[in-house]
$ cat query-v7.cif   # mmCIF, C-alpha atoms
data_data
loop_
_atom_site.label_atom_id
_atom_site.label_comp_id
_atom_site.auth_asym_id
_atom_site.auth_seq_id
_atom_site.Cartn_x
_atom_site.Cartn_y
_atom_site.Cartn_z
CA MET A 1 6.27 -40.19 41.22
CA THR A 2 9.69 -40.18 39.56
CA ALA A 3 11.93 -37.14 39.26
CA ASP A 4 11.26 -37.15 35.53
CA SER A 5 7.50 -36.98 35.87
CA SER A 6 7.76 -34.37 38.65
CA LEU A 7 9.87 -32.17 36.43
CA SER A 8 7.56 -32.77 33.51
CA GLU A 9 4.56 -31.61 35.56
CA LEU A 10 6.53 -28.65 36.85
CA ARG A 11 7.56 -27.66 33.33
CA ARG A 12 3.99 -27.92 32.19
CA GLY A 13 2.89 -25.68 35.06
CA VAL A 14 5.40 -22.91 34.44
CA LEU A 15 5.38 -23.00 30.66
CA GLY A 16 2.30 -20.76 30.40
CA PRO A 17 3.82 -17.89 32.42
CA CYS A 18 7.09 -18.32 30.50
CA VAL A 19 5.26 -17.98 27.18
CA LEU A 20 3.47 -14.89 28.51
CA ALA A 21 6.81 -13.45 29.64
CA LEU A 22 8.30 -13.90 26.15
CA LEU A 23 5.24 -12.36 24.53
CA GLU A 24 5.44 -9.47 26.98
CA VAL A 25 8.71 -8.51 25.28
CA LYS A 26 7.36 -8.81 21.74
CA SER A 27 4.85 -10.68 19.62
CA ARG A 28 6.14 -13.97 18.28
CA PHE A 29 5.02 -16.68 15.88
CA GLY A 30 4.89 -20.34 16.89
CA LEU A 31 8.32 -21.59 15.89
CA GLU A 32 9.94 -18.40 17.19
CA LEU A 33 8.39 -19.05 20.60
CA VAL A 34 9.46 -22.68 20.52
CA ARG A 35 13.05 -21.72 19.69
CA ASP A 36 13.23 -19.04 22.38
CA LEU A 37 11.83 -21.41 25.00
CA ALA A 38 14.20 -24.14 23.88
CA ALA A 39 17.10 -21.70 24.03
CA ALA A 40 16.22 -20.88 27.64
CA GLY A 41 16.93 -24.56 28.36
CA GLY A 42 14.93 -27.27 30.12
CA LEU A 43 11.51 -25.72 29.72
CA LEU A 44 10.16 -27.85 26.88
CA THR A 45 9.58 -31.57 27.04
CA SER A 46 8.69 -31.39 23.35
CA ASP A 47 8.27 -28.54 20.88
CA GLY A 48 4.64 -29.44 20.14
CA THR A 49 3.60 -28.76 23.76
CA VAL A 50 3.58 -25.05 23.02
CA TYR A 51 0.71 -25.13 20.52
CA PRO A 52 -2.11 -26.53 22.66
CA LEU A 53 -0.85 -24.23 25.39
CA LEU A 54 -1.18 -21.22 23.09
CA SER A 55 -4.75 -22.23 22.31
CA ARG A 56 -5.49 -22.49 26.03
CA LEU A 57 -3.94 -19.09 26.74
CA ARG A 58 -5.95 -17.60 23.90
CA ASP A 59 -9.17 -19.20 25.21
CA ALA A 60 -8.41 -17.73 28.62
CA GLY A 61 -8.02 -14.31 27.01
CA PHE A 62 -4.30 -14.01 27.89
CA VAL A 63 -3.00 -13.95 24.31
CA THR A 64 -4.33 -13.07 20.89
CA GLY A 65 -3.32 -14.48 17.52
CA GLU A 66 -3.03 -12.37 14.40
CA TRP A 67 -2.01 -13.34 10.90
CA ARG A 68 0.80 -11.27 9.45
CA GLU A 69 2.36 -11.51 6.04
CA THR A 70 5.91 -10.52 5.26
CA PRO A 71 6.85 -9.98 1.60
CA GLY A 72 8.49 -13.10 0.20
CA GLU A 73 7.44 -15.24 3.13
CA ARG A 74 4.33 -17.14 4.01
CA ALA A 75 1.74 -15.67 6.36
CA ARG A 76 2.38 -16.47 10.01
CA ARG A 77 0.18 -16.28 13.03
CA TYR A 78 1.77 -13.96 15.57
CA TYR A 79 0.79 -14.22 19.20
CA SER A 80 0.60 -11.18 21.48
CA ILE A 81 -0.07 -10.83 25.18
CA THR A 82 -3.27 -9.09 26.27
CA GLU A 83 -3.82 -6.83 29.27
CA ALA A 84 -5.42 -9.76 31.09
CA GLY A 85 -2.34 -11.82 30.25
CA LYS A 86 -0.08 -9.13 31.66
CA ARG A 87 -2.09 -9.03 34.89
CA ASP A 88 -1.94 -12.81 35.17
CA LEU A 89 1.80 -12.78 34.55
CA ALA A 90 2.36 -10.09 37.17
CA ALA A 91 0.37 -12.10 39.70
CA PHE A 92 2.35 -15.23 38.84
CA ARG A 93 5.67 -13.42 39.23
CA THR A 94 4.75 -12.39 42.78
CA GLU A 95 3.57 -15.89 43.70
CA TRP A 96 6.50 -17.53 41.99
CA GLY A 97 9.03 -15.48 43.90
CA GLN A 98 7.65 -16.67 47.23
CA PHE A 99 6.92 -20.19 46.01
CA SER A 100 10.33 -20.83 44.50
CA ALA A 101 12.04 -19.44 47.60
CA THR A 102 9.97 -21.73 49.79
CA VAL A 103 10.67 -24.76 47.61
CA ALA A 104 14.37 -23.91 47.53
CA GLY A 105 14.35 -23.47 51.29
CA VAL A 106 12.73 -26.83 51.88
CA LEU A 107 14.84 -28.65 49.31
CA ASN A 108 18.05 -27.24 50.73
CA HIS A 109 16.99 -27.67 54.35
CA THR A 110 17.46 -23.98 55.01
CA CYS A 111 13.87 -23.26 55.88
CA LEU A 112 11.96 -25.96 57.74
CA PRO A 113 9.05 -25.96 60.15
CA SER A 114 10.24 -25.71 63.76
CA GLY A 115 11.11 -29.07 65.24
CA ALA A 116 11.37 -30.76 61.84
CA GLY A 117 15.10 -30.70 62.09
CA GLU A 118 17.97 -28.75 60.76
CA LYS A 119 20.21 -29.42 57.84
CA GLY A 120 21.57 -32.94 58.16
CA ARG A 121 19.11 -33.95 60.86
CA LEU A 122 16.08 -34.92 58.82
CA PRO A 123 14.81 -38.41 59.48
CA MET B 124 7.94 -19.16 0.16
CA SER B 125 8.64 -22.78 1.00
CA ARG B 126 5.82 -25.26 1.29
CA THR B 127 7.52 -28.39 0.08
CA SER B 128 8.31 -29.86 3.48
CA PRO B 129 4.76 -31.09 4.23
CA GLY B 130 5.09 -33.13 1.04
CA HIS B 131 7.80 -35.26 2.68
CA GLU B 132 6.74 -38.84 3.35
CA LEU B 133 7.68 -38.72 7.06
CA ILE B 134 5.64 -35.56 7.47
CA ARG B 135 2.65 -37.03 5.69
CA ASP B 136 2.80 -40.02 8.04
CA TYR B 137 3.09 -37.78 11.06
CA ILE B 138 0.14 -35.63 9.99
CA ARG B 139 -1.93 -38.75 9.33
CA GLN B 140 -1.17 -40.09 12.79
CA LEU B 141 -1.86 -36.76 14.40
CA ASP B 142 -5.16 -36.53 12.57
CA ALA B 143 -6.12 -39.97 13.90
CA ALA B 144 -4.95 -39.14 17.43
CA LEU B 145 -7.02 -35.99 17.48
CA ARG B 146 -10.27 -37.91 17.08
CA GLY B 147 -12.54 -36.88 19.92
CA VAL B 148 -10.99 -33.43 20.19
CA PRO B 149 -13.50 -30.77 19.07
CA ALA B 150 -13.13 -30.11 15.35
CA ALA B 151 -12.15 -26.44 15.69
CA GLU B 152 -9.35 -27.23 18.19
CA ALA B 153 -8.14 -30.16 16.11
CA ARG B 154 -8.09 -28.04 12.95
CA GLU B 155 -6.21 -25.29 14.72
CA LEU B 156 -3.59 -27.67 16.10
CA MET B 157 -3.09 -29.23 12.66
CA GLU B 158 -2.64 -25.79 11.20
CA GLN B 159 -0.14 -24.82 13.93
CA ILE B 160 1.88 -28.00 13.44
CA THR B 161 1.90 -27.63 9.67
CA ALA B 162 3.08 -24.03 10.02
CA HIS B 163 5.74 -25.15 12.53
CA LEU B 164 7.07 -27.73 10.07
CA ASP B 165 6.98 -25.22 7.24
CA ASP B 166 9.04 -22.78 9.27
CA ALA B 167 11.39 -25.34 10.81
CA LEU B 168 12.37 -27.24 7.66
CA PRO B 169 14.01 -26.04 4.50
CA ALA B 170 12.36 -26.95 1.22
CA ASP B 171 15.02 -29.56 0.48
CA ALA B 172 15.16 -31.09 3.97
CA ASP B 173 16.46 -34.64 4.03
CA ASP B 174 15.09 -37.53 6.07
CA GLY B 175 17.46 -36.86 8.93
CA GLN B 176 16.43 -33.24 9.29
CA VAL B 177 12.76 -34.09 9.06
CA ALA B 178 13.06 -36.89 11.60
CA ALA B 179 14.90 -34.58 14.01
CA VAL B 180 12.24 -31.88 13.80
CA LEU B 181 9.43 -34.41 14.17
CA GLY B 182 11.23 -36.01 17.12
CA ARG B 183 11.48 -32.67 18.91
CA LEU B 184 7.84 -31.94 18.14
CA GLY B 185 6.72 -34.94 20.22
CA SER B 186 4.62 -37.90 19.20
CA PRO B 187 1.16 -37.34 17.72
CA ALA B 188 -0.34 -39.12 20.73
CA GLU B 189 1.44 -36.76 23.16
CA LEU B 190 0.31 -33.74 21.18
CA ALA B 191 -3.29 -34.97 21.14
CA ALA B 192 -3.09 -35.62 24.88
CA ASP B 193 -1.81 -32.07 25.40
CA ALA B 194 -4.66 -30.76 23.28
CA ARG B 195 -7.16 -32.62 25.46
CA ARG B 196 -5.44 -31.43 28.63
CA ALA B 197 -5.54 -27.90 27.32
CA GLY B 198 -9.27 -28.02 27.76
CA ALA B 199 -10.36 -29.17 24.36
CA GLY B 200 -11.62 -32.50 25.65
CA PRO B 201 -15.11 -33.23 26.91
CA PRO B 202 -14.43 -32.97 30.70
CA GLY B 203 -13.58 -29.29 30.47
CA ALA B 204 -15.93 -28.44 27.65
CA LEU B 205 -18.08 -26.14 29.74
CA ALA B 206 -15.10 -24.33 31.19
CA VAL B 207 -13.59 -23.98 27.73
CA ALA B 208 -16.85 -22.68 26.31
CA ARG B 209 -17.03 -20.16 29.14
CA ALA B 210 -13.43 -19.13 28.62
CA ARG B 211 -13.98 -18.82 24.89
CA LEU B 212 -17.03 -16.64 25.43
CA ARG B 213 -15.04 -14.46 27.85
CA TYR B 214 -12.25 -14.26 25.32
CA ARG B 215 -14.56 -13.31 22.48
CA LEU B 216 -16.36 -10.76 24.61
CA ALA B 217 -13.01 -9.34 25.71
CA ARG B 218 -12.02 -8.89 22.08
CA VAL B 219 -15.01 -6.70 21.31
CA ARG B 220 -13.79 -3.13 21.26
CA ARG B 221 -14.89 -0.71 23.93
CA ARG B 222 -16.45 1.51 21.28
CA THR B 223 -18.56 -1.39 20.05
CA TRP B 224 -19.68 -2.06 23.61
CA SER B 225 -20.60 1.61 23.95
CA VAL B 226 -22.69 1.49 20.78
CA VAL B 227 -24.34 -1.77 21.88
CA GLY B 228 -25.00 -0.24 25.30
CA VAL B 229 -26.61 2.86 23.81
CA ILE B 230 -28.74 0.73 21.48
CA VAL B 231 -29.88 -1.48 24.37
CA VAL B 232 -30.73 1.54 26.51
CA LEU B 233 -32.64 3.23 23.67
CA ALA B 234 -34.47 0.01 22.85
CA GLY B 235 -35.36 -0.35 26.53
CA ILE B 236 -36.65 3.22 26.72
CA ALA B 237 -38.64 2.78 23.50
CA THR B 238 -40.13 -0.49 24.71
CA GLY B 239 -41.02 1.03 28.07
CA TYR B 240 -42.53 4.02 26.33
CA LEU B 241 -44.56 1.80 24.01
CA ILE B 242 -45.81 -0.30 26.89
CA TYR B 243 -46.60 2.79 28.95
CA PHE B 244 -48.51 4.62 26.26
CA LEU B 245 -50.13 1.79 24.37
CA THR B 246 -51.24 -0.31 27.29
CA PRO B 247 -53.60 2.21 28.95
CA GLY B 248 -57.27 1.67 28.32
CA SER B 249 -59.15 3.65 25.75
CA LEU B 250 -61.69 6.41 26.16
CA GLU B 251 -65.10 5.24 27.31
CA PHE B 252 -68.68 6.21 26.68
CA ASP B 253 -69.85 7.92 29.87
CA GLY B 254 -73.60 7.39 29.56
CA ALA B 255 -75.06 10.72 28.37
CA SER B 256 -75.95 11.18 24.72
CA GLY B 257 -78.50 12.67 22.37
CA TRP B 258 -79.26 13.62 18.81
CA TRP B 259 -77.52 16.85 17.94
CA TYR B 260 -80.18 18.66 15.91
CA PRO B 261 -83.54 19.52 17.56
CA GLN B 262 -85.52 18.20 14.61
CA ASP B 263 -83.94 14.80 15.28
CA TYR B 264 -83.85 15.05 19.07
CA ASN B 265 -87.57 15.84 19.19
CA ARG B 266 -88.57 13.00 16.90
CA ALA B 267 -86.32 10.24 18.28
CA VAL B 268 -88.00 6.96 19.03
CA ILE B 269 -86.29 4.83 21.64
CA THR B 270 -86.87 1.10 21.55
CA THR B 271 -85.47 -1.62 23.76
CA ALA B 272 -85.26 -5.27 22.87
CA GLY B 273 -83.25 -8.03 24.53
CA GLY B 274 -81.44 -5.49 26.69
CA ALA B 275 -80.30 -3.43 23.68
CA THR B 276 -81.47 0.12 23.15
CA GLN B 277 -81.91 1.80 19.80
CA THR B 278 -82.76 5.43 19.14
CA THR B 279 -84.18 6.01 15.71
CA VAL B 280 -84.93 9.23 13.83
CA PRO B 281 -86.33 9.84 10.36
CA LEU B 282 -83.79 10.04 7.57
CA ARG B 283 -83.40 13.66 6.45
CA SER B 284 -81.96 12.90 3.06
CA GLY B 285 -79.13 15.18 1.98
CA GLU B 286 -79.12 17.07 5.29
CA ARG B 287 -76.77 17.13 8.26
CA GLN B 288 -77.63 14.74 11.05
CA GLY B 289 -75.66 13.50 14.02
CA TYR B 290 -75.41 12.84 17.72
CA PHE B 291 -73.26 13.69 20.70
CA VAL B 292 -71.96 11.44 23.45
CA THR B 293 -70.09 12.06 26.68
CA ILE B 294 -66.65 10.47 26.65
CA ASP B 295 -64.64 9.75 29.77
CA ASN B 296 -60.88 9.35 30.01
CA PRO B 297 -60.45 6.75 32.78
CA THR B 298 -56.68 6.48 32.30
CA SER B 299 -53.82 8.41 33.92
CA LEU B 300 -52.64 9.81 30.58
CA THR B 301 -53.96 12.68 28.53
CA GLN B 302 -55.61 11.45 25.35
CA THR B 303 -56.12 13.73 22.38
CA ILE B 304 -58.87 13.01 19.88
CA LEU B 305 -57.53 13.77 16.42
CA GLY B 306 -60.57 12.84 14.34
CA PRO B 307 -62.57 9.94 12.99
CA ALA B 308 -60.77 6.69 12.30
CA TYR B 309 -63.03 5.54 9.51
CA GLY B 310 -61.27 4.38 6.41
CA PRO B 311 -59.42 1.25 5.38
CA GLY B 312 -59.83 -1.35 8.11
CA VAL B 313 -62.47 0.63 9.98
CA PRO B 314 -65.39 1.07 7.60
CA TRP B 315 -68.06 3.62 8.32
CA ASP B 316 -71.43 1.95 8.17
CA GLY B 317 -73.41 4.89 9.44
CA PRO B 318 -76.22 6.73 7.68
CA GLY B 319 -74.21 8.93 5.38
CA SER B 320 -71.00 9.34 3.51
CA ALA B 321 -67.74 8.37 5.14
CA VAL B 322 -66.95 12.05 5.60
CA VAL B 323 -67.79 12.17 9.27
CA GLN B 324 -67.13 15.32 11.22
CA ILE B 325 -65.94 14.83 14.77
CA ALA B 326 -65.48 17.58 17.34
CA VAL B 327 -64.70 17.62 21.04
CA SER B 328 -66.10 20.07 23.59
CA VAL B 329 -63.78 22.57 25.18
CA PRO B 330 -63.53 22.58 29.00
CA ASP B 331 -65.77 24.54 31.35
CA ARG B 332 -68.82 24.34 29.16
CA ASP B 333 -72.13 22.75 29.87
CA ILE B 334 -71.95 19.21 28.72
CA ASP B 335 -75.25 18.00 30.03
CA GLY B 336 -77.28 15.94 27.65
CA GLY B 337 -80.17 17.24 25.63
CA GLY B 338 -80.45 20.58 23.95
CA THR B 339 -78.11 22.39 26.38
CA SER B 340 -75.15 20.52 24.92
CA ARG B 341 -75.28 22.71 21.87
CA SER B 342 -74.04 25.63 23.98
CA ALA B 343 -70.68 23.95 24.39
CA GLY B 344 -67.76 25.08 22.25
CA PHE B 345 -66.15 22.40 20.10
CA THR B 346 -62.73 21.94 18.72
CA LEU B 347 -60.48 19.44 17.04
CA PRO B 348 -58.02 18.06 18.04
CA GLY B 349 -59.72 17.74 21.37
CA VAL B 350 -57.82 17.06 24.56
CA VAL B 351 -59.34 14.80 27.20
CA PRO B 352 -57.23 15.01 30.37
CA PRO B 353 -57.05 12.06 32.76
CA GLY B 354 -60.26 11.52 34.70
CA GLN B 355 -62.23 14.15 32.79
CA ILE B 356 -65.28 14.00 30.57
CA ARG B 357 -65.85 15.69 27.23
CA LEU B 358 -68.64 15.83 24.73
CA VAL B 359 -67.89 14.35 21.37
CA ARG B 360 -70.06 15.49 18.49
CA VAL B 361 -70.49 13.25 15.45
CA LEU B 362 -72.08 14.77 12.37
CA TRP B 363 -72.57 13.54 8.84
CA THR B 364 -74.58 14.31 5.72
CA SER B 365 -77.27 11.69 5.25
CA ASP B 366 -76.70 10.96 1.60
CA ILE B 367 -77.37 7.24 1.62
CA CYS B 368 -79.73 5.56 -0.75
CA SER B 369 -82.59 4.14 1.28
CA ALA B 370 -86.04 2.83 0.52
CA GLY B 371 -87.60 2.82 3.94
CA GLY B 372 -84.78 0.85 5.47
CA THR B 373 -82.80 1.47 8.65
CA THR B 374 -79.13 2.35 8.83
CA SER B 375 -77.43 2.30 12.19
CA ILE B 376 -74.15 2.47 14.05
CA ASP B 377 -73.27 1.47 17.63
CA THR B 378 -69.57 2.24 17.95
CA LEU B 379 -67.45 5.32 17.52
CA ALA B 380 -64.02 4.93 15.92
CA LEU B 381 -61.56 7.65 16.84
CA ARG B 382 -57.93 8.43 16.06
CA VAL B 383 -56.41 9.22 19.43
CA ARG B 384 -52.91 10.39 20.33
CA VAL B 385 -51.39 9.13 23.58
CA GLY B 386 -47.93 10.55 24.20
CA TRP B 387 -46.03 10.27 20.93
CA PHE B 388 -48.25 7.54 19.60
CA THR B 389 -51.46 7.66 17.65
CA ARG B 390 -53.82 4.74 17.86
CA ILE B 391 -57.36 3.86 16.88
CA GLU B 392 -59.89 3.50 19.67
CA ILE B 393 -63.24 1.94 18.97
CA ILE B 394 -65.67 3.00 21.66
CA PRO B 395 -68.94 1.11 22.19
CA LEU B 396 -71.73 3.67 22.47
CA GLY B 397 -74.07 1.70 24.72
CA GLN B 398 -76.90 2.03 22.26
CA THR B 399 -77.59 2.05 18.54
CA TRP B 400 -78.04 5.24 16.59
CA ALA B 401 -80.32 4.71 13.60
CA VAL B 402 -82.04 6.62 10.81
CA ARG B 403 -84.97 5.22 8.93
CA GLY B 404 -86.90 6.31 5.86
CA ASP B 405 -86.69 6.98 2.17
CA SER B 406 -83.90 8.89 0.57
CA ARG B 407 -84.81 11.81 -1.65
CA GLY B 408 -84.65 11.36 -5.41
CA SER B 409 -83.54 8.23 -7.22
CA CYS B 410 -80.67 6.06 -6.17
CA THR B 411 -77.93 5.64 -8.80
#
$ encode --input "query-v7.cif" --output "C-alpha cells"
Amino acid sequence: MTADSSLSELRRGVLGPCVLALLEVKSRFGLELVRDLAAAGGLLTSDGTVYPLLSRLRDAGFVTGEWRETPGERARRYYSITEAGKRDLAAFRTEWGQFSATVAGVLNHTCLPSGAGEKGRLP
Amino acid sequence: MSRTSPGHELIRDYIRQLDAALRGVPAAEARELMEQITAHLDDALPADADDGQVAAVLGRLGSPAELAADARRAGAGPPGALAVARARLRYRLARVRRRTWSVVGVIVVLAGIATGYLIYFLTPGSLEFDGASGWWYPQDYNRAVITTAGGATQTTVPLRSGERQGYFVTIDNPTSLTQTILGPAYGPGVPWDGPGSAVVQIAVSVPDRDIDGGGTSRSAGFTLPGVVPPGQIRLVRVLWTSDICSAGGTTSIDTLALRVRVGWFTRIEIIPLGQTWAVRGDSRGSCT
C-alpha cells in the first residue's frame, strides 16, 4: 500500500463526518459543500466524490435533501443534517479524538507498547 | 438562471461517459448522481465558460469511471443491495412525522380492537333448539298428528284458514355471551316458507316462568326483544296467520330464522328445530 492510496482511503473514511460537521453549521447545496471541503484542504481526492457520499449519508438517515428555489436562480437541492446524523457525528468526534491521538503517538514514536522501543530505537 | 454549460461539447461527452459508466448501478441511484453532477456543473460554470474552464471543472470532478466506482462503493451496487434497501427503509421510516406515526398507531390499535371484537362476538355458536316444543293453541295441540319416517319427525295439524296458528320451542344459549332475540329474520335472503304470510310474530319467554312443554307453556310471559343469558333456556313462541292458499296440501317449516344481537353486532341465526311443523288442509274461500 502506497502513501497515496493510504491517504486516499483515509480521506474517504473521514469525508462523511466532515460533511456532517459542515452541515451541522448550516444546510448547504452540493457545490457549496464541495467548495467548503476543498477550502479546508486535502480532504477531497475529487469533487465528484461528495455526491455518492451524500446519497449514502441520506440512505443512512444522517442527512436529508430538500429542493429550494431562490428568485432569479435555479432550484438547488440543499442538504441538512438529521438528529441521527448529529448523534453519529458526536460519536465520531469522541472516537476520532482518541484514534488520532493514538495514531499520532505511534507515528511520532511517543506512545508505543512497552518493550517495542523508544523514539529512535525501533527496529 | 444559467443552464447553458451542459450544452458544452466537453460536458456532453462527460455526461455520456458517466451514463455509460453507471450501467449496473440501480436506476434511481444513477439518475440521482446524474442530476447531482449536472447541478454541480450548472453551479460551477458560467454560461459562457470556455474550454479551459470546463476542462478544469471536469478534471476536479474526477473521471466518470471513478464517480461510478464511488457510486457502487456507496452501496448502490449489488453486493450491498440488501443493506442499502434496509438503510433506505430506515431512512424513509425516519422521515415519517411523529404525528403520522401516532395516527397510524391509533388506527392499528382501533383496527385490532375492532377485529378482536368481531372475532369474539361473531365466532360464538348460535342459539340451539333444546328439545321441548309444542303447538301453541290447544285446538292445534290436541289434534297434532306425529309421524316419523327415515328418522325424521313431522307434527301436522289441520289448516285453520285465516286464523292464528303457531308453535313454541325451547331455545338454549350454549355460548358464554348473552344473546338477544330481536325478531324474525324472514325477508330478503331468508324466505319464510311456513303456512302463512311472512308476518311472523316471535316472542321470547321472560325468566322464572314455567317453560315446560305442553299447555303449561302458555302461562309464561313473553316479550321482545328477548334476552337469553349464557347457559340458559327460554321459550320462543312463533305465531302466524294461516292465510295461504291450499287445496288439501301440506305446508311445513323445519328451521327458525332469528335476528339476534351479540354485543354490538346483529346477526341472523338459523336454528334447526329437530322436527317439521306442518299444516294440512283446504284454505277457506277461493284462492286469487
$ resolve_selection --input "query-v7.cif" --expression "the PyMOL selection byres ((chain A) within 9 of (chain B))" --output "CSV table (one decimal) with C-alpha atoms, in the frame of the given file"
chain,number,residue,atom,x,y,z
A,30,GLY,CA,4.9,-20.3,16.9
A,31,LEU,CA,8.3,-21.6,15.9
A,45,THR,CA,9.6,-31.6,27.0
A,46,SER,CA,8.7,-31.4,23.4
A,47,ASP,CA,8.3,-28.5,20.9
A,48,GLY,CA,4.6,-29.4,20.1
A,49,THR,CA,3.6,-28.8,23.8
A,51,TYR,CA,0.7,-25.1,20.5
A,52,PRO,CA,-2.1,-26.5,22.7
A,53,LEU,CA,-0.8,-24.2,25.4
A,55,SER,CA,-4.8,-22.2,22.3
A,56,ARG,CA,-5.5,-22.5,26.0
A,57,LEU,CA,-3.9,-19.1,26.7
A,58,ARG,CA,-6.0,-17.6,23.9
A,59,ASP,CA,-9.2,-19.2,25.2
A,60,ALA,CA,-8.4,-17.7,28.6
A,61,GLY,CA,-8.0,-14.3,27.0
A,62,PHE,CA,-4.3,-14.0,27.9
A,64,THR,CA,-4.3,-13.1,20.9
A,72,GLY,CA,8.5,-13.1,0.2
A,73,GLU,CA,7.4,-15.2,3.1
A,74,ARG,CA,4.3,-17.1,4.0
A,76,ARG,CA,2.4,-16.5,10.0
A,77,ARG,CA,0.2,-16.3,13.0
$ residues_around --input "query-v7.cif" --residues "Leu22 in chain A" --least-positions-apart "6" --cutoff "10 Å" --atoms "only C-alpha atoms" --output "list in words"
Arg28, Leu33, Asp36, Leu37, Ser80 and Ile81 of chain A
$ residues_around --input "query-v7.cif" --residues "range 256-267 of chain B" --least-positions-apart "6" --cutoff "7 Å" --atoms "only C-alpha atoms" --output "PyMOL selection string"
chain B and resi 278-280+288-293+336-337
$ resolve_selection --input "query-v7.cif" --expression "the PyMOL selection byres ((chain B and resi 315) around 12)" --output "PyMOL selection string"
chain B and resi 307-314+316-323+363+374-381+393
$ resolve_selection --input "query-v7.cif" --expression "the PyMOL selection byres ((chain A and resi 67) around 7)" --output "number ranges by chain"
A: 65-66, 68-69, 75-78
$ atom_distance --input "query-v7.cif" --atom1 "CA of Ser8 in chain A" --atom2 "CA of Glu24 in chain A"
24.3 Å
$ atom_distance --input "query-v7.cif" --atom1 "CA of Gln302 in chain B" --atom2 "CA of Pro395 in chain B"
17.2 Å
$ closest_residue --input "query-v7.cif" --among "A:Val106, A:Ala84, A:Ala101, A:Val50" --to "Cys18 in chain A" --atoms "all atoms listed in the file"
A:Val50
$ atom_distance --input "query-v7.cif" --atom1 "CA of Asp142 in chain B" --atom2 "CA of Ala170 in chain B"
23.0 Å
$ residues_around --input "query-v7.cif" --residues "range 87-94 of chain A" --least-positions-apart "6" --cutoff "8 Å" --atoms "only C-alpha atoms" --output "list of chain:residue names"
A:Pro17, A:Leu20, A:Ala21, A:Phe62
$ residues_around --input "query-v7.cif" --residues "Thr298 in chain B" --least-positions-apart "5" --cutoff "9 Å" --atoms "all atoms listed in the file" --output "list in words"
Pro247, Gly248, Ser249, Leu250, Pro352, Pro353 and Gly354 of chain B
$ residues_near_point --input "query-v7.cif" --point "(-61.4, 16.3, 26.2)" --cutoff "10 Å" --atoms "all atoms listed in the file" --output "PyMOL selection string"
chain B and resi 250+293-296+301-304+326-330+345-359
$ write_last_selection --input "query-v7.cif" --atoms "C-alpha atoms" --output "PDB file, in the coordinates of the input"
ATOM      1  CA  LEU B 250     -61.690   6.410  26.160  1.00  0.00           C
ATOM      2  CA  THR B 293     -70.090  12.060  26.680  1.00  0.00           C
ATOM      3  CA  ILE B 294     -66.650  10.470  26.650  1.00  0.00           C
ATOM      4  CA  ASP B 295     -64.640   9.750  29.770  1.00  0.00           C
ATOM      5  CA  ASN B 296     -60.880   9.350  30.010  1.00  0.00           C
ATOM      6  CA  THR B 301     -53.960  12.680  28.530  1.00  0.00           C
ATOM      7  CA  GLN B 302     -55.610  11.450  25.350  1.00  0.00           C
ATOM      8  CA  THR B 303     -56.120  13.730  22.380  1.00  0.00           C
ATOM      9  CA  ILE B 304     -58.870  13.010  19.880  1.00  0.00           C
ATOM     10  CA  ALA B 326     -65.480  17.580  17.340  1.00  0.00           C
ATOM     11  CA  VAL B 327     -64.700  17.620  21.040  1.00  0.00           C
ATOM     12  CA  SER B 328     -66.100  20.070  23.590  1.00  0.00           C
ATOM     13  CA  VAL B 329     -63.780  22.570  25.180  1.00  0.00           C
ATOM     14  CA  PRO B 330     -63.530  22.580  29.000  1.00  0.00           C
ATOM     15  CA  PHE B 345     -66.150  22.400  20.100  1.00  0.00           C
ATOM     16  CA  THR B 346     -62.730  21.940  18.720  1.00  0.00           C
ATOM     17  CA  LEU B 347     -60.480  19.440  17.040  1.00  0.00           C
ATOM     18  CA  PRO B 348     -58.020  18.060  18.040  1.00  0.00           C
ATOM     19  CA  GLY B 349     -59.720  17.740  21.370  1.00  0.00           C
ATOM     20  CA  VAL B 350     -57.820  17.060  24.560  1.00  0.00           C
ATOM     21  CA  VAL B 351     -59.340  14.800  27.200  1.00  0.00           C
ATOM     22  CA  PRO B 352     -57.230  15.010  30.370  1.00  0.00           C
ATOM     23  CA  PRO B 353     -57.050  12.060  32.760  1.00  0.00           C
ATOM     24  CA  GLY B 354     -60.260  11.520  34.700  1.00  0.00           C
ATOM     25  CA  GLN B 355     -62.230  14.150  32.790  1.00  0.00           C
ATOM     26  CA  ILE B 356     -65.280  14.000  30.570  1.00  0.00           C
ATOM     27  CA  ARG B 357     -65.850  15.690  27.230  1.00  0.00           C
ATOM     28  CA  LEU B 358     -68.640  15.830  24.730  1.00  0.00           C
ATOM     29  CA  VAL B 359     -67.890  14.350  21.370  1.00  0.00           C
TER      30      VAL B 359
END
$ residues_around --input "query-v7.cif" --residues "Ser369 in chain B" --least-positions-apart "4" --cutoff "8 Å" --atoms "all atoms listed in the file" --output "ChimeraX atom specification"
/B:373,404-406,410
$ closest_residue --input "query-v7.cif" --among "B:Pro281, B:Gly239, B:Thr399, B:Arg222" --to "Gly371 in chain B" --atoms "all atoms listed in the file"
B:Pro281
